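Report on the structure given below.
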Amino acid sequence: MSDAATATTDQLDMYRRELTGYCYRMLGSSFEAEDAVQDTMVRAWKAIDSFEGRSSLRSWLYRIATNVCLDALNAGNRRARPMDLTSPTPVAQAQLVKQPEITWLEPVPDGRVLPSVADPAETAVSRETVRLAFVAALQHLPPKQRAVLILREVLAWKASEVAELLDTSVASVNSALQRARATLAEQAPAASDTANPLDEEQKALLERYVAAFEGYDMKALTALLHEDATMSMPPYDLWLQGHDDIVGWMLGVGEVCAGSKLVPTVANGSPAFAQYHPDPSTGGFSPWALIVLELRDGKVAGMDFFLDTERWFPLFDLPARLEA
């Protein structure tokens with residue numbers, strides 16, 4: 001590769017992380033976001049000689065990435081959380097029904113989508129807008145409205161810049177933003193506690209959560225949960241709400257989780273844990289779930305257990321197993 005080609009590749013790669021964050025918000029899938037960014041980079045590299053500099057390199061890349069995402073979204077797939085598809089199920093009626101992978105909103109490691117260096121205000125917005133609940137709400141927007149809202153509200157682009165990117169008018173951008181805001185207000189995700197960095201109270205809460213979960217102490221665990229806390233388990237469409245149903249599940253079908261070990265990580269701007277399940281065949285612990293928590297008002301408001309560990313643990317650079 002020539003020096004010029006290397007320099008071009010390095011220039012493009014400078015924007016890879018922020019583009020991945022943009023594509024993740026658009027598509028709701030960590031793997032599809034990375035594919036979209038790779039497609040963007042390939043298209044940009046091939047067309048770099050025709051880039052005339054009428055806009056910045058960053059704007060040009062966002063134009064390409066937006067087109068890639070819109071093409072993907074026009075296929076009609078909308079990713080969701082179990083809470084978007086059904087009502088909560090009483091534990092007495094709970095059944096595990098598996099849905100295709102393409103259905104589900106996916107978790108994403110913070111390091112793939114959040115800026116490594118930014119001012120505190122920018123970091124707070126970035127973290128808040130990759131939360132599972134927020135990205136799920138975005139999926140209710142038509143693709144172009146979604147792009148407009150992310151570019152204007154999350155990335156703070158000017159209306160004129162978005163209009164140029166989308167080859168439309170400022171009036172059209174403002175109209176799309178107004179409609180997107182109205183839809184998002186109807187789907188408004190519950191607020192969550194800021195967790196960057198964790199304060200002492202949040203650290204203590206997570207320590208108590210780990211102790212309660214690893215000890216399988218349901219009394220201690222429910223003391224940490226909001227009364228309307230939710231629990232979901234993609235790829236299954238079942239979700240539970242409230243102390244009684246969550247505890248009923250964990251002491252019933254979910255009792256296989258007893259004796260698990262938790263390893264801390266971060267996902268979607270939120271605290272998360274890799275759950276390892278006792279493995280009698282080896283005496284150690286095998287991957288069981290990636291748990292993403294939502295914290296609100298000093299308690300746990302949501303627990304999302306992503307069970308497809310063959311996908312999630314390598315993505316999050318988590319150990320393939322734990323020794324006894």
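Chain labels run A, B, ... following the order of the structure tokens; each chain numbers its residues from 1, and ligands are numbered from 1 in the order shown.
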List the neighbours of A:Met26 out to 9 Å using only C-alpha atoms; skip same-chain residues closer than 4 positions along the sequence, and give me the result as a CSV table (one decimal) with C-alpha atoms, in the first residue's frame.
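Output contents, as saved in result-v8.csv:
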```csv
chain,number,residue,atom,x,y,z
A,21,GLY,CA,-22.2,4.9,17.1
A,22,TYR,CA,-24.3,6.6,14.5
A,33,ALA,CA,-23.5,-1.2,12.5
A,66,THR,CA,-26.6,7.4,6.0
A,69,CYS,CA,-28.2,2.6,6.7
A,70,LEU,CA,-31.2,3.8,4.8
A,73,LEU,CA,-33.6,-0.1,6.8
A,135,VAL,CA,-32.3,3.1,20.8
A,138,LEU,CA,-35.6,5.4,17.9
A,139,GLN,CA,-36.7,2.2,16.0
A,143,PRO,CA,-35.7,5.8,8.6
A,146,ARG,CA,-34.5,8.7,12.5
A,147,ALA,CA,-31.5,10.1,10.7
A,150,ILE,CA,-29.9,11.6,15.5
```
Mind running stretch 80-155 of chain A against stretch 160-182 of chain A at 7 Å and telling me each contacting residue's nearest atom pair with the distance in Å (one decimal), counting only C-alpha atoms, chain and number ascending, as JSON lines?
```
{"residue": "A:Leu141", "atom": "CA", "partner": "A:Ala180", "partner_atom": "CA", "distance": 6.4}
{"residue": "A:Gln145", "atom": "CA", "partner": "A:Ala176", "partner_atom": "CA", "distance": 5.4}
{"residue": "A:Val148", "atom": "CA", "partner": "A:Leu177", "partner_atom": "CA", "distance": 6.1}
{"residue": "A:Leu149", "atom": "CA", "partner": "A:Leu177", "partner_atom": "CA", "distance": 5.7}
{"residue": "A:Leu151", "atom": "CA", "partner": "A:Val162", "partner_atom": "CA", "distance": 6.9}
```
Surrounding residues of A:Thr265 excluding itself and chain neighbours under 5 positions, 10 Å, only C-alpha atoms, as a PyMOL selection string: chain A and resi 109-110+270-274+290-292+316-318
Strand (DSSP E) residues, from DSSP on the backbone, in stretch 29-266 of chain A, as a PyMOL selection string: chain A and resi 225-232+239-241+261-266
Could you turn the residues from that selection into a file that holds all heavy atoms, as a compact mmCIF listing (two decimals), in the first residue's frame?
```txt
# COMPACT_ATOMS: atom_id res chain seq x y z
N LEU A 225 -34.40 -3.73 43.69
CA LEU A 225 -35.20 -3.54 42.48
C LEU A 225 -36.36 -2.57 42.73
O LEU A 225 -37.01 -2.61 43.78
CB LEU A 225 -35.80 -4.87 42.00
CG LEU A 225 -34.85 -6.02 41.68
CD1 LEU A 225 -35.64 -7.24 41.25
CD2 LEU A 225 -33.85 -5.62 40.59
N HIS A 226 -36.65 -1.74 41.73
CA HIS A 226 -37.89 -0.98 41.77
C HIS A 226 -39.07 -1.94 41.75
O HIS A 226 -38.99 -3.05 41.21
CB HIS A 226 -37.99 -0.05 40.55
CG HIS A 226 -37.21 1.22 40.70
ND1 HIS A 226 -37.70 2.30 41.41
CD2 HIS A 226 -35.99 1.58 40.25
CE1 HIS A 226 -36.80 3.27 41.38
NE2 HIS A 226 -35.75 2.87 40.69
N GLU A 227 -40.19 -1.51 42.31
CA GLU A 227 -41.37 -2.37 42.34
C GLU A 227 -41.84 -2.73 40.94
O GLU A 227 -42.41 -3.81 40.72
CB GLU A 227 -42.51 -1.69 43.12
CG GLU A 227 -42.25 -1.61 44.62
CD GLU A 227 -43.46 -1.08 45.38
OE1 GLU A 227 -44.54 -0.96 44.76
OE2 GLU A 227 -43.32 -0.80 46.58
N ASP A 228 -41.62 -1.83 39.97
CA ASP A 228 -42.04 -2.11 38.59
C ASP A 228 -40.86 -2.52 37.71
O ASP A 228 -40.92 -2.40 36.47
CB ASP A 228 -42.75 -0.90 37.98
CG ASP A 228 -41.84 0.33 37.89
OD1 ASP A 228 -40.74 0.31 38.48
OD2 ASP A 228 -42.22 1.31 37.22
N ALA A 229 -39.79 -3.02 38.32
CA ALA A 229 -38.60 -3.43 37.57
C ALA A 229 -38.98 -4.47 36.52
O ALA A 229 -39.91 -5.27 36.71
CB ALA A 229 -37.54 -3.99 38.51
N THR A 230 -38.24 -4.48 35.41
CA THR A 230 -38.50 -5.43 34.33
C THR A 230 -37.31 -6.38 34.16
O THR A 230 -36.18 -6.06 34.53
CB THR A 230 -38.75 -4.71 33.00
OG1 THR A 230 -37.58 -3.94 32.66
CG2 THR A 230 -39.96 -3.80 33.09
N MET A 231 -37.61 -7.53 33.57
CA MET A 231 -36.58 -8.53 33.29
C MET A 231 -36.91 -9.15 31.94
O MET A 231 -38.03 -9.61 31.72
CB MET A 231 -36.56 -9.60 34.38
CG MET A 231 -35.62 -10.75 34.14
SD MET A 231 -35.69 -11.94 35.53
CE MET A 231 -34.66 -13.25 34.89
N SER A 232 -35.94 -9.13 31.01
CA SER A 232 -36.15 -9.74 29.70
C SER A 232 -34.99 -10.68 29.39
O SER A 232 -33.93 -10.60 30.01
CB SER A 232 -36.29 -8.67 28.61
OG SER A 232 -35.06 -8.03 28.37
N TRP A 239 -41.10 -11.43 28.86
CA TRP A 239 -40.53 -10.48 29.81
C TRP A 239 -41.45 -10.38 31.03
O TRP A 239 -42.64 -10.64 30.95
CB TRP A 239 -40.28 -9.12 29.17
CG TRP A 239 -41.47 -8.32 28.75
CD1 TRP A 239 -42.23 -8.51 27.64
CD2 TRP A 239 -42.02 -7.17 29.42
NE1 TRP A 239 -43.21 -7.56 27.55
CE2 TRP A 239 -43.11 -6.73 28.64
CE3 TRP A 239 -41.69 -6.48 30.58
CZ2 TRP A 239 -43.87 -5.62 28.98
CZ3 TRP A 239 -42.45 -5.37 30.93
CH2 TRP A 239 -43.53 -4.96 30.15
N LEU A 240 -40.83 -10.07 32.14
CA LEU A 240 -41.51 -10.07 33.43
C LEU A 240 -41.42 -8.69 34.05
O LEU A 240 -40.48 -7.93 33.78
CB LEU A 240 -40.87 -11.10 34.36
CG LEU A 240 -40.79 -12.53 33.82
CD1 LEU A 240 -39.73 -13.32 34.58
CD2 LEU A 240 -42.14 -13.22 33.91
N GLN A 241 -42.40 -8.38 34.90
CA GLN A 241 -42.39 -7.09 35.57
C GLN A 241 -42.86 -7.25 37.01
O GLN A 241 -43.85 -7.94 37.28
CB GLN A 241 -43.30 -6.09 34.85
CG GLN A 241 -43.22 -4.67 35.42
CD GLN A 241 -43.91 -3.67 34.52
OE1 GLN A 241 -44.95 -3.94 33.93
NE2 GLN A 241 -43.30 -2.49 34.38
N LYS A 261 -21.44 -16.77 38.68
CA LYS A 261 -20.47 -15.73 38.96
C LYS A 261 -20.69 -14.57 37.98
O LYS A 261 -21.02 -14.79 36.81
CB LYS A 261 -19.03 -16.25 38.80
CG LYS A 261 -18.66 -17.37 39.77
CD LYS A 261 -18.64 -16.88 41.20
CE LYS A 261 -18.19 -17.98 42.16
NZ LYS A 261 -18.30 -17.55 43.57
N LEU A 262 -20.51 -13.35 38.45
CA LEU A 262 -20.68 -12.17 37.61
C LEU A 262 -19.34 -11.44 37.44
O LEU A 262 -18.61 -11.24 38.40
CB LEU A 262 -21.69 -11.20 38.23
CG LEU A 262 -23.11 -11.73 38.46
CD1 LEU A 262 -24.02 -10.60 38.96
CD2 LEU A 262 -23.70 -12.36 37.20
N VAL A 263 -19.07 -11.05 36.19
CA VAL A 263 -17.86 -10.28 35.86
C VAL A 263 -18.31 -8.93 35.30
O VAL A 263 -19.08 -8.89 34.34
CB VAL A 263 -17.00 -11.03 34.82
CG1 VAL A 263 -15.83 -10.16 34.38
CG2 VAL A 263 -16.51 -12.35 35.40
N PRO A 264 -17.88 -7.81 35.89
CA PRO A 264 -18.37 -6.50 35.44
C PRO A 264 -17.86 -6.12 34.06
O PRO A 264 -16.74 -6.42 33.67
CB PRO A 264 -17.84 -5.54 36.52
CG PRO A 264 -16.66 -6.24 37.11
CD PRO A 264 -16.96 -7.70 37.04
N THR A 265 -18.72 -5.43 33.31
CA THR A 265 -18.36 -4.83 32.04
C THR A 265 -19.29 -3.63 31.85
O THR A 265 -19.96 -3.21 32.78
CB THR A 265 -18.47 -5.85 30.88
OG1 THR A 265 -18.04 -5.24 29.66
CG2 THR A 265 -19.88 -6.36 30.71
N VAL A 266 -19.31 -3.05 30.67
CA VAL A 266 -20.22 -1.93 30.38
C VAL A 266 -20.83 -2.15 29.00
O VAL A 266 -20.16 -2.66 28.09
CB VAL A 266 -19.52 -0.56 30.43
CG1 VAL A 266 -19.27 -0.13 31.86
CG2 VAL A 266 -18.23 -0.56 29.62
```
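When atom CA of A:Leu19 is paired with atom CA of A:Ser192, their separation reads 24.6 Å.
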Selection: 10 Å around stretch 202-207 of chain A, only C-alpha atoms, excl. self and same-chain fewer than 2 positions, as number ranges by chain: A: 193-195, 197-200, 209-213, 224, 264, 271-273, 293, 295, 297-300
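For the atom pair formed by atom CA of A:Arg78 and atom CA of A:Phe305, the distance is 20.1 Å, given to one decimal.
Rounded to one decimal, atom CA of A:Gln275 and atom CA of A:Leu27 lie 26.3 Å from each other.
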Residue contacts of A:Gly111 (12 Å, only C-alpha atoms) excluding same-chain residues fewer than 3 positions away, as number ranges by chain: A: 16-18, 20-21, 30, 108, 114-117, 126-127, 130, 265-269, 315-317
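Within 8 Å of A:Ser286, once only C-alpha atoms are used and residues closer than 5 positions along the same chain are dropped, the contacting residues are Tyr276, His277, Pro278, Asp279, Ala320, Arg321 and Leu322 of chain A.
Checking A:Ala324, A:Met218, A:Ile48, A:Met250 one by one against A:Gly283, counting only C-alpha atoms, you find the shortest gap at A:Ala324.
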Shortest interatomic distance to A:Glu122 - which of A:Phe306, A:Leu12, A:Trp312, A:Glu153, counting only C-alpha atoms: A:Glu153
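Nearest residue to A:Ala124, choosing from A:Ala36, A:Leu57, A:Leu238, A:Val154 and counting only C-alpha atoms: A:Val154.
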Backbone DSSP call of helix (DSSP H, G or I) for stretch 164-216 of chain A, listed as number ranges by chain: A: 164-166, 170-186, 200-214
Distance query A:Ala92 at most 12 Å, only C-alpha atoms, self and fewer than 6 positions along chain excluded, as a PyMOL selection string: chain A and resi 240+244-249+252-253
Write to file, as a short mmCIF file (atom, residue, chain, number, x, y, z; two decimals), in the first residue's frame, the residues of the selection just made, with C-alpha atoms.
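Dumped to selection17.cif:
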```cif
data_model
loop_
_atom_site.label_atom_id
_atom_site.label_comp_id
_atom_site.auth_asym_id
_atom_site.auth_seq_id
_atom_site.Cartn_x
_atom_site.Cartn_y
_atom_site.Cartn_z
CA LEU A 240 -41.51 -10.07 33.43
CA ASP A 244 -43.32 -11.30 42.55
CA ASP A 245 -43.01 -12.40 38.93
CA ILE A 246 -39.25 -11.85 38.74
CA VAL A 247 -38.62 -13.79 41.96
CA GLY A 248 -41.13 -16.45 40.92
CA TRP A 249 -39.19 -16.96 37.69
CA GLY A 252 -38.62 -21.64 39.25
CA VAL A 253 -37.27 -22.11 35.73
#
```
